[in-house]
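Coordinates from run-v8.cif are shown below (mmCIF, C-alpha atoms and all ligand atoms).
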```
data_final
loop_
_atom_site.label_atom_id
_atom_site.label_comp_id
_atom_site.auth_asym_id
_atom_site.auth_seq_id
_atom_site.Cartn_x
_atom_site.Cartn_y
_atom_site.Cartn_z
CA MET A 211 115.20 125.39 116.26
CA ASN A 212 112.16 126.89 114.56
CA LYS A 213 111.73 124.89 111.40
CA ILE A 214 112.61 121.42 110.17
CA THR A 215 112.28 119.50 106.87
CA LEU A 216 111.94 115.72 106.85
CA PHE A 217 111.51 112.94 104.30
CA ALA A 218 108.76 110.35 104.90
CA ASN A 219 109.67 107.19 102.96
CA ALA A 220 107.11 104.82 101.48
CA LYS A 221 107.25 101.08 102.18
CA ILE A 222 106.55 97.98 100.17
CA ASN A 223 105.92 94.46 101.43
CA LEU A 224 108.35 91.87 100.11
CA GLY A 225 106.18 89.33 101.88
CA LEU A 226 102.76 89.45 103.50
CA ASP A 227 101.12 86.49 105.22
CA VAL A 228 98.00 86.43 107.36
CA ILE A 229 98.18 83.68 109.96
CA GLY A 230 95.03 84.22 111.98
CA LYS A 231 92.11 86.40 112.88
CA ARG A 232 91.49 87.72 116.40
CA PRO A 233 88.01 87.85 117.96
CA ASN A 234 88.13 91.66 117.66
CA GLY A 235 88.49 91.38 113.87
CA TYR A 236 92.21 92.27 113.70
CA HIS A 237 94.44 89.94 111.73
CA ASP A 238 97.73 88.43 112.87
CA VAL A 239 100.28 89.01 110.14
CA ARG A 240 103.86 88.10 109.23
CA MET A 241 105.23 90.67 106.86
CA ILE A 242 108.62 91.62 105.44
CA MET A 243 108.69 95.40 105.22
CA GLN A 244 111.08 97.45 103.12
CA THR A 245 111.34 101.24 102.88
CA ILE A 246 111.99 102.63 99.40
CA LYS A 247 113.55 105.90 98.27
CA LEU A 248 110.19 107.34 97.15
CA HIS A 249 109.21 109.89 99.79
CA ASP A 250 106.92 112.74 100.83
CA THR A 251 108.52 115.93 102.15
CA LEU A 252 107.26 117.56 105.34
CA THR A 253 108.30 120.95 106.68
CA LEU A 254 107.27 121.68 110.27
CA LYS A 255 107.44 125.22 111.58
CA LYS A 256 106.74 126.46 115.10
CA ILE A 257 104.26 129.35 115.16
CA ARG A 258 102.86 131.55 117.95
CA LYS A 259 99.22 131.06 116.90
CA LYS A 260 97.62 128.09 118.66
CA GLY A 261 96.62 125.19 116.38
CA ILE A 262 97.87 122.82 113.69
CA PHE A 263 97.75 124.10 110.12
CA ILE A 264 98.47 121.84 107.12
CA LYS A 265 99.10 122.97 103.56
CA THR A 266 99.49 120.29 100.87
CA ASN A 267 99.89 119.95 97.10
CA LEU A 268 97.07 117.35 96.98
CA HIS A 269 93.74 119.15 97.23
CA PHE A 270 91.74 116.00 98.08
CA LEU A 271 93.70 115.16 101.23
CA PRO A 272 92.14 116.14 104.56
CA THR A 273 94.02 118.91 106.40
CA ASN A 274 92.07 118.58 109.66
CA GLU A 275 92.26 115.92 112.40
CA ASN A 276 91.61 113.25 109.74
CA ASN A 277 95.10 113.81 108.43
CA LEU A 278 97.52 111.51 110.25
CA ILE A 279 100.07 114.34 110.47
CA TYR A 280 97.54 116.44 112.37
CA ALA A 281 96.73 113.51 114.67
CA ALA A 282 100.45 112.85 115.31
CA ILE A 283 101.24 116.47 116.17
CA LYS A 284 98.16 116.78 118.36
CA LEU A 285 99.09 113.64 120.28
CA PHE A 286 102.65 114.87 120.74
CA MET A 287 101.58 118.35 121.91
CA THR A 288 99.05 116.91 124.37
CA GLU A 289 101.43 114.33 125.85
CA TYR A 290 104.22 116.88 126.32
CA ASN A 291 102.09 119.93 127.20
CA LEU A 292 103.45 122.04 124.38
CA GLU A 293 102.26 125.62 123.84
CA GLY A 294 101.69 127.48 120.58
CA GLY A 295 101.10 125.90 117.21
CA VAL A 296 102.69 124.15 114.25
CA HIS A 297 102.47 124.89 110.54
CA VAL A 298 103.08 121.94 108.21
CA THR A 299 103.81 121.94 104.50
CA LEU A 300 103.30 118.49 102.98
CA GLU A 301 104.58 117.74 99.51
CA LYS A 302 102.87 114.45 98.77
CA LYS A 303 104.54 112.13 96.27
CA ILE A 304 103.66 108.68 97.69
CA PRO A 305 100.50 107.40 95.98
CA VAL A 306 97.51 107.69 98.35
CA ALA A 307 95.50 104.64 99.50
CA ALA A 308 97.93 102.46 97.63
CA GLY A 309 99.30 99.91 100.12
CA MET A 310 102.49 101.94 100.60
CA ALA A 311 101.77 103.30 104.11
CA GLY A 312 101.98 106.90 102.93
CA GLY A 313 99.85 108.27 105.77
CA SER A 314 101.73 106.21 108.38
CA ALA A 315 105.08 107.40 106.99
CA ASP A 316 103.91 111.01 107.27
CA ALA A 317 102.75 110.42 110.86
CA ALA A 318 106.13 108.88 111.74
CA ALA A 319 108.00 111.82 110.18
CA ALA A 320 105.75 114.27 112.07
CA LEU A 321 106.60 112.57 115.39
CA GLN A 322 110.33 112.61 114.56
CA GLY A 323 110.08 116.25 113.50
CA MET A 324 108.30 117.30 116.70
CA ASN A 325 110.93 115.44 118.74
CA GLN A 326 113.66 117.51 117.11
CA LEU A 327 111.79 120.81 116.91
CA TYR A 328 110.95 120.80 120.62
CA GLU A 329 114.23 119.10 121.62
CA THR A 330 112.33 116.47 123.64
CA ASN A 331 115.02 113.87 122.94
CA LEU A 332 112.58 110.93 123.06
CA SER A 333 113.86 107.42 122.26
CA LEU A 334 112.73 105.44 119.23
CA LYS A 335 110.83 103.15 121.62
CA ARG A 336 108.89 106.07 123.12
CA LEU A 337 108.05 107.45 119.67
CA GLN A 338 106.87 103.98 118.62
CA GLU A 339 104.60 103.78 121.69
CA MET A 340 102.96 107.00 120.56
CA GLY A 341 102.99 105.88 116.92
CA VAL A 342 101.03 102.66 117.45
CA LYS A 343 98.12 104.77 118.74
CA LEU A 344 97.97 106.37 115.28
CA GLY A 345 98.22 103.20 113.18
CA ALA A 346 99.73 99.70 113.18
CA ASP A 347 102.34 100.61 110.51
CA VAL A 348 103.62 103.77 112.25
CA PRO A 349 106.12 101.98 114.58
CA TYR A 350 107.68 100.34 111.51
CA CYS A 351 107.81 103.65 109.62
CA LEU A 352 109.74 105.13 112.56
CA LEU A 353 112.25 102.28 112.29
CA GLY A 354 112.56 102.01 108.49
CA GLY A 355 114.83 99.69 106.52
CA THR A 356 114.20 95.95 106.21
CA ALA A 357 112.18 94.35 109.01
CA LEU A 358 109.94 91.45 109.99
CA SER A 359 106.62 92.71 111.27
CA GLU A 360 104.37 90.45 113.37
CA GLY A 361 101.35 90.64 115.67
CA ILE A 362 99.04 93.20 114.08
CA GLY A 363 102.16 94.89 112.72
CA GLU A 364 103.56 96.27 115.96
CA ILE A 365 106.11 93.52 116.80
CA LEU A 366 109.21 94.43 114.83
CA THR A 367 112.48 92.58 114.24
CA PRO A 368 115.07 94.50 112.21
CA LEU A 369 116.70 92.46 109.43
CA PRO A 370 119.94 93.06 107.52
CA PRO A 371 119.49 95.35 104.48
CA ALA A 372 117.80 93.56 101.57
CA PRO A 373 120.03 93.18 98.47
CA ALA A 374 120.14 96.35 96.36
CA CYS A 375 118.09 96.41 93.16
CA TYR A 376 115.95 98.65 90.95
CA CYS A 377 112.37 98.85 92.11
CA LEU A 378 109.65 99.80 89.65
CA ILE A 379 106.43 101.01 91.27
CA VAL A 380 103.14 101.15 89.37
CA LYS A 381 99.92 102.33 91.03
CA PRO A 382 96.83 101.46 88.94
CA LYS A 383 94.01 104.01 88.87
CA PHE A 384 91.39 101.99 90.75
CA ALA A 385 91.23 101.94 94.53
CA ILE A 386 91.00 98.84 96.73
CA SER A 387 89.76 99.28 100.27
CA THR A 388 91.98 97.59 102.87
CA LYS A 389 88.83 96.66 104.80
CA TYR A 390 87.31 94.95 101.75
CA VAL A 391 90.45 92.93 101.05
CA TYR A 392 90.78 91.63 104.63
CA GLU A 393 87.06 90.91 104.93
CA ASN A 394 87.13 88.88 101.74
CA LEU A 395 90.19 86.87 102.66
CA ASN A 396 89.01 83.39 103.55
CA LEU A 397 91.88 81.92 105.54
CA SER A 398 90.48 78.38 105.50
CA GLU A 399 90.52 78.40 101.67
CA ILE A 400 94.13 79.55 101.35
CA THR A 401 96.30 76.57 100.45
CA LYS A 402 99.48 78.44 99.52
CA HIS A 403 101.00 80.86 102.01
CA PRO A 404 104.08 82.95 101.21
CA ASP A 405 107.29 81.48 102.64
CA ILE A 406 108.33 84.31 104.97
CA ASP A 407 111.22 82.28 106.45
CA ARG A 408 112.69 81.68 102.97
CA LEU A 409 112.47 85.42 102.32
CA ILE A 410 114.39 86.09 105.54
CA THR A 411 117.07 83.57 104.49
CA SER A 412 117.37 85.25 101.07
CA ILE A 413 117.90 88.61 102.79
CA GLU A 414 120.46 87.18 105.22
CA GLN A 415 122.31 85.55 102.30
CA GLU A 416 122.05 88.73 100.16
CA ASP A 417 120.57 86.57 97.40
CA LEU A 418 118.40 88.75 95.13
CA THR A 419 117.38 85.85 92.85
CA MET A 420 116.16 83.82 95.83
CA LEU A 421 114.42 86.88 97.26
CA CYS A 422 112.60 87.51 93.99
CA SER A 423 111.45 83.90 93.75
CA SER A 424 110.15 84.08 97.34
CA LEU A 425 108.05 87.25 97.05
CA GLY A 426 104.48 86.56 98.16
CA ASN A 427 101.38 88.37 99.35
CA VAL A 428 98.39 86.35 100.54
CA LEU A 429 96.11 89.35 99.85
CA GLU A 430 96.82 89.16 96.11
CA SER A 431 94.31 86.32 95.79
CA VAL A 432 91.46 88.68 96.76
CA SER A 433 92.59 91.69 94.73
CA VAL A 434 93.51 89.83 91.55
CA LYS A 435 90.06 88.21 91.45
CA GLU A 436 88.48 91.70 91.53
CA HIS A 437 91.04 93.36 89.26
CA PRO A 438 92.66 91.08 86.64
CA GLU A 439 94.51 94.22 85.47
CA LEU A 440 96.96 93.54 88.32
CA THR A 441 98.08 90.32 86.63
CA VAL A 442 98.55 92.18 83.34
CA ILE A 443 100.84 94.75 85.02
CA LYS A 444 102.85 91.98 86.66
CA GLU A 445 103.21 90.08 83.36
CA GLU A 446 104.33 93.23 81.57
CA MET A 447 106.99 93.86 84.22
CA LEU A 448 108.23 90.26 83.87
CA SER A 449 108.34 90.60 80.07
CA PHE A 450 110.74 93.54 80.54
CA GLY A 451 113.03 91.39 82.70
CA ALA A 452 111.79 91.89 86.27
CA LEU A 453 113.17 89.11 88.50
CA GLY A 454 110.00 89.17 90.59
CA THR A 455 106.79 91.17 90.99
CA LEU A 456 104.22 91.58 93.77
CA MET A 457 101.30 93.65 94.95
CA SER A 458 102.22 95.71 98.03
CA GLY A 459 100.05 95.58 101.16
CA SER A 460 96.35 95.50 100.31
CA GLY A 461 97.16 97.10 96.95
CA PRO A 462 96.63 98.20 94.36
CA THR A 463 100.31 99.19 93.93
CA VAL A 464 102.39 96.59 92.12
CA PHE A 465 106.18 96.55 92.16
CA GLY A 466 108.81 94.79 90.07
CA LEU A 467 112.42 94.18 91.12
CA PHE A 468 115.25 94.33 88.56
CA SER A 469 118.99 93.73 88.82
CA ASP A 470 119.65 95.28 85.41
CA GLN A 471 119.38 99.07 85.18
CA SER A 472 118.69 99.23 81.43
CA LYS A 473 115.87 96.66 81.71
CA ALA A 474 114.38 98.57 84.65
CA ASN A 475 114.59 101.81 82.67
CA ALA A 476 112.92 100.27 79.62
CA ALA A 477 110.08 98.95 81.79
CA PHE A 478 109.74 102.34 83.50
CA MET A 479 109.51 104.10 80.10
CA HIS A 480 106.84 101.61 79.01
CA PHE A 481 104.64 102.42 82.02
CA LYS A 482 105.49 106.13 81.98
CA VAL A 483 103.80 106.63 78.59
CA GLY A 484 100.83 104.41 79.54
CA PRO A 485 97.69 105.04 81.57
CA TYR A 486 99.52 104.82 84.92
CA GLY A 487 102.24 107.25 83.84
CA LYS A 488 101.79 109.76 86.63
CA GLN A 489 101.87 107.04 89.26
CA SER A 490 104.89 105.11 88.00
CA PHE A 491 108.25 105.48 89.74
CA LEU A 492 111.66 103.90 89.30
CA THR A 493 113.33 103.82 92.68
CA GLY A 494 115.34 101.58 95.01
CA PHE A 495 115.42 100.26 98.57
CA PHE A 496 116.11 102.85 101.25
CA GLN A 497 118.20 101.95 104.31
CA PRO A 498 118.32 104.52 107.12
CA ASP A 499 121.73 105.31 108.71
P1 LIG B 1 98.58 101.32 104.19
O1 LIG B 1 99.66 100.78 103.33
O2 LIG B 1 99.04 101.59 105.62
O3 LIG B 1 97.30 100.55 104.10
P2 LIG B 1 97.68 103.19 102.29
O4 LIG B 1 98.79 103.44 101.35
O5 LIG B 1 96.70 102.15 101.85
O6 LIG B 1 98.26 102.79 103.69
P3 LIG B 1 97.34 105.97 102.87
O7 LIG B 1 97.95 106.57 101.65
O8 LIG B 1 98.14 106.01 104.10
O9 LIG B 1 96.85 104.48 102.57
O10 LIG B 1 95.95 106.74 103.11
C1 LIG B 1 94.71 106.15 103.28
C2 LIG B 1 93.69 107.24 103.62
O11 LIG B 1 94.13 107.97 104.77
C3 LIG B 1 93.52 108.25 102.51
O12 LIG B 1 92.35 107.99 101.81
C4 LIG B 1 93.51 109.62 103.18
O13 LIG B 1 92.28 110.28 103.09
C5 LIG B 1 93.83 109.37 104.66
N1 LIG B 1 95.02 110.14 105.12
C6 LIG B 1 95.12 110.77 106.29
N2 LIG B 1 96.31 111.38 106.42
C7 LIG B 1 97.00 111.14 105.28
C8 LIG B 1 98.29 111.50 104.83
N3 LIG B 1 99.11 112.28 105.55
N4 LIG B 1 98.68 111.04 103.63
C9 LIG B 1 97.85 110.24 102.91
N5 LIG B 1 96.61 109.89 103.28
C10 LIG B 1 96.18 110.32 104.46
#
```
If you took the structure in this file and wrote it as structure tokens, what would it be?
Amino acid sequence: MNKITLFANAKINLGLDVIGKRPNGYHDVRMIMQTIKLHDTLTLKKIRKKGIFIKTNLHFLPTNENNLIYAAIKLFMTEYNLEGGVHVTLEKKIPVAAGMAGGSADAAAALQGMNQLYETNLSLKRLQEMGVKLGADVPYCLLGGTALSEGIGEILTPLPPAPACYCLIVKPKFAISTKYVYENLNLSEITKHPDIDRLITSIEQEDLTMLCSSLGNVLESVSVKEHPELTVIKEEMLSFGALGTLMSGSGPTVFGLFSDQSKANAAFMHFKVGPYGKQSFLTGFFQPD
């Protein structure tokens, strides 16, 4: 095999709780992760020339070792003593720095692609061991689907597929730094934590209404204070009939879940013609085979 094309799916958090802070500054989390159908497309091609070469449709993305795809391929080639080089074409569709793990999803797809391209036949567990060196979300991106993520994000428990629905994604124009959000989260002041166990029950019972009423992200408190616009987006989604809305990860992406296709479409059209038009997507949950 000389060439392979892969999809790297974005994730959203149906729930995100922070339960503690470690002396090294890392936070202990409990998160419900869900991959969605929105994806980047990577094509990996073996070449004779030594090196890793990345071509992408987004001019502002790094194409050197600062790109997680580069780092993933380099790690793989070093660990398995591979000769030659790899050329990557990345068609980026997942909003960047948005709380949707776009870079981690690309890194996971690059590891999976290398595994197939070089017929190394590595297990998911082995790929995840490599992945965690690249980022805490990479092991989850290798797994995909619905999962509980604990520790710093590396302890994963697969869950049954979350109930199907329409998922409207809106990425506001401003950026929120993950570092800023975590640094400004004062755990001792948080009185209301998301109910992660109730979310798990709603998934097990395939109850979309219960799931939507249990959505929660402890990081919203920090981001909403800085950017009241997030509340406006959420209210607009609810006014169109969303059953629940939430900010994903450390933001700023907001999603709304709908059971009714025509309501979801109307909401999508509303955002499509607005200021966030280019970064609005109507999609659904993605469950790997
Ligand atoms: P998370 O949800 O894990 O916090 P994110 O959505 O906030 O991720 P990413 O889109 O993964 O953030 O990217 C954050 C930064 O990483 C970007 O500013 C970008 O410069 C860098 N980066 C490196 N490789 C990639 C990649 N393949 N795709 C996107 N960003 C990348």
Selection: 9 Å around Ile443 of chain A, only C-alpha atoms, excl. self and same-chain fewer than 5 positions, as a PDB file with C-alpha atoms, in the frame of the given file:
```pdb
ATOM      1  CA  VAL A 380     103.140 101.150  89.370  1.00  0.00           C
ATOM      2  CA  PRO A 382      96.830 101.460  88.940  1.00  0.00           C
ATOM      3  CA  LEU A 448     108.230  90.260  83.870  1.00  0.00           C
ATOM      4  CA  VAL A 464     102.390  96.590  92.120  1.00  0.00           C
TER       5      VAL A 464
END
```
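Take the candidates A:Ile242, A:Ala220, A:Ile406, A:Ala477 and check each one against Ser359 of chain A using all atoms listed in the file; the shortest distance goes to A:Ile242.
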Worksheet item: Pick from A:Leu332, A:Ala357, A:Ala372, A:Met457: nearest to ligand LIG 1 (chain B), with all atoms listed in the file counted?
Response: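 Closest to ligand LIG 1 (chain B), using all atoms listed in the file: A:Met457.
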Closest to Leu378 of chain A among A:Ala308, A:Val298, A:Ala476, A:Leu337, using only C-alpha atoms?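 When distances to Leu378 of chain A are compared using only C-alpha atoms, the smallest one comes from A:Ala476.
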Ligand LIG 1 (chain B): axis-aligned bounding box, 4 Å on each side, centre and edge lengths in Å, one decimal, as AutoDock Vina command-line options:
```
--center_x 96.0 --center_y 106.4 --center_z 103.9 --size_x 15.4 --size_y 19.7 --size_z 13.1
```
Q. What's the 9 Å shell around Gly313 of chain A, counting only C-alpha atoms, without same-chain residues fewer than 2 positions away, as a ChimeraX atom specification?
A. /A:277-279,304,306-307,310-311,315-318,348
Each residue of chain A lying at most 10 Å from ligand LIG 1 (chain B) should get a row with its shortest atom-to-atom pair and the distance in Å to one decimal, counting only C-alpha atoms and all ligand atoms; could you produce that, ordered by chain and increasing number, as a tab-separated table?
```
residue	atom	partner	partner_atom	distance
A:Ala218	CA	B:LIG1	N3	9.9
A:Ala220	CA	B:LIG1	O4	8.4
A:Lys221	CA	B:LIG1	O1	7.7
A:Ile222	CA	B:LIG1	O1	8.1
A:Asn223	CA	B:LIG1	O1	9.1
A:Asp250	CA	B:LIG1	N4	8.9
A:Leu252	CA	B:LIG1	N3	9.7
A:Ile264	CA	B:LIG1	N3	9.7
A:Thr266	CA	B:LIG1	N3	9.3
A:Leu268	CA	B:LIG1	C9	9.3
A:Phe270	CA	B:LIG1	O13	7.6
A:Leu271	CA	B:LIG1	O13	5.4
A:Pro272	CA	B:LIG1	O13	6.0
A:Thr273	CA	B:LIG1	N2	7.9
A:Asn274	CA	B:LIG1	N2	9.0
A:Glu275	CA	B:LIG1	C6	8.5
A:Asn276	CA	B:LIG1	C6	5.5
A:Asn277	CA	B:LIG1	N2	3.4
A:Leu278	CA	B:LIG1	N2	4.0
A:Ile279	CA	B:LIG1	N3	5.4
A:Tyr280	CA	B:LIG1	N2	7.9
A:Ala281	CA	B:LIG1	N2	8.5
A:Ala282	CA	B:LIG1	N3	9.9
A:Leu300	CA	B:LIG1	N3	7.9
A:Glu301	CA	B:LIG1	N3	9.8
A:Lys302	CA	B:LIG1	N4	7.3
A:Lys303	CA	B:LIG1	N4	9.5
A:Ile304	CA	B:LIG1	O7	7.3
A:Pro305	CA	B:LIG1	O7	6.3
A:Val306	CA	B:LIG1	O7	3.5
A:Ala307	CA	B:LIG1	O9	3.4
A:Ala308	CA	B:LIG1	O4	3.9
A:Gly309	CA	B:LIG1	O1	3.3
A:Met310	CA	B:LIG1	O4	4.1
A:Ala311	CA	B:LIG1	O1	3.4
A:Gly312	CA	B:LIG1	O8	4.1
A:Gly313	CA	B:LIG1	O8	3.3
A:Ser314	CA	B:LIG1	O8	5.6
A:Ala315	CA	B:LIG1	O8	7.6
A:Asp316	CA	B:LIG1	N3	5.3
A:Ala317	CA	B:LIG1	N3	6.7
A:Ala318	CA	B:LIG1	N3	10.0
A:Ala320	CA	B:LIG1	N3	9.5
A:Gly345	CA	B:LIG1	O2	7.8
A:Ala346	CA	B:LIG1	O2	7.8
A:Asp347	CA	B:LIG1	O2	6.0
A:Val348	CA	B:LIG1	O2	8.3
A:Cys351	CA	B:LIG1	O2	9.9
A:Ala385	CA	B:LIG1	O5	9.1
A:Ile386	CA	B:LIG1	O5	8.3
A:Ser387	CA	B:LIG1	O5	7.7
A:Thr388	CA	B:LIG1	O3	6.2
A:Lys389	CA	B:LIG1	O3	9.3
A:Ser458	CA	B:LIG1	O1	7.8
A:Gly459	CA	B:LIG1	O1	5.6
A:Ser460	CA	B:LIG1	O3	6.4
A:Gly461	CA	B:LIG1	O5	7.1
A:Pro462	CA	B:LIG1	O5	8.5
A:Thr463	CA	B:LIG1	O4	8.7
```
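Taking all atoms listed in the file into account, Lys259 of chain A lies nearest to A:Gly294 out of the set A:Tyr236, A:Lys247, A:Ala452, A:Gly294.
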Residues within 8 Å of Ile362 of chain A, please, as a PDB file with C-alpha atoms, keeping the file's coordinate frame. Count all atoms listed in the file; anything in the same chain fewer than 2 positions from it doesn't count.
```
ATOM      1  CA  TYR A 236      92.210  92.270 113.700  1.00  0.00           C
ATOM      2  CA  HIS A 237      94.440  89.940 111.730  1.00  0.00           C
ATOM      3  CA  ASP A 238      97.730  88.430 112.870  1.00  0.00           C
ATOM      4  CA  VAL A 239     100.280  89.010 110.140  1.00  0.00           C
ATOM      5  CA  ALA A 346      99.730  99.700 113.180  1.00  0.00           C
ATOM      6  CA  GLU A 360     104.370  90.450 113.370  1.00  0.00           C
ATOM      7  CA  GLU A 364     103.560  96.270 115.960  1.00  0.00           C
ATOM      8  CA  ILE A 365     106.110  93.520 116.800  1.00  0.00           C
TER       9      ILE A 365
END
```
Nearby residues (only C-alpha atoms) at most 10 Å from Glu416 of chain A, same-chain spacing under 6 positions excluded, as number ranges by chain
A: 370-374, 410
Would you tabulate, counting only C-alpha atoms, all residues of segment 240-278 of chain A that have an atom at most 12 Å from an atom of segment 322-328 of chain A, showing the closest pair of atoms and their distance in Å to one decimal, sorted by chain then ascending number, as JSON lines?
```
{"residue": "A:Thr251", "atom": "CA", "partner": "A:Gly323", "partner_atom": "CA", "distance": 11.5}
{"residue": "A:Leu252", "atom": "CA", "partner": "A:Gly323", "partner_atom": "CA", "distance": 8.7}
{"residue": "A:Thr253", "atom": "CA", "partner": "A:Gly323", "partner_atom": "CA", "distance": 8.5}
{"residue": "A:Leu254", "atom": "CA", "partner": "A:Gly323", "partner_atom": "CA", "distance": 6.9}
{"residue": "A:Lys255", "atom": "CA", "partner": "A:Leu327", "partner_atom": "CA", "distance": 8.2}
{"residue": "A:Lys256", "atom": "CA", "partner": "A:Leu327", "partner_atom": "CA", "distance": 7.8}
{"residue": "A:Ile257", "atom": "CA", "partner": "A:Leu327", "partner_atom": "CA", "distance": 11.5}
```
Mind dumping the selected residues with C-alpha atoms as a PDB file, in the frame of the given file?
```pdb
ATOM      1  CA  THR A 251     108.520 115.930 102.150  1.00  0.00           C
ATOM      2  CA  LEU A 252     107.260 117.560 105.340  1.00  0.00           C
ATOM      3  CA  THR A 253     108.300 120.950 106.680  1.00  0.00           C
ATOM      4  CA  LEU A 254     107.270 121.680 110.270  1.00  0.00           C
ATOM      5  CA  LYS A 255     107.440 125.220 111.580  1.00  0.00           C
ATOM      6  CA  LYS A 256     106.740 126.460 115.100  1.00  0.00           C
ATOM      7  CA  ILE A 257     104.260 129.350 115.160  1.00  0.00           C
TER       8      ILE A 257
END
```
Exercise for review: Fewer than 5 positions away in the same chain doesn't count, so skip those; otherwise give me all residues within 10 Å of Ser412 of chain A, counting only C-alpha atoms, as a PyMOL selection string.
Suggested key: chain A and resi 372-373+406-407+417-424
What separates atom CA of Met287 of chain A and atom CA of Ser333 of chain A is a distance of 16.4 Å
Among A:Lys284, A:Leu292, A:Ser472, A:Leu409, Glu329 of chain A is approached most closely, using only C-alpha atoms, by A:Leu292
Using atom CA of Ser433 of chain A and atom CA of Ser469 of chain A as the two end points, give the distance in Å to one decimal.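 Separation between atom CA of Ser433 of chain A and atom CA of Ser469 of chain A: 27.1 Å.
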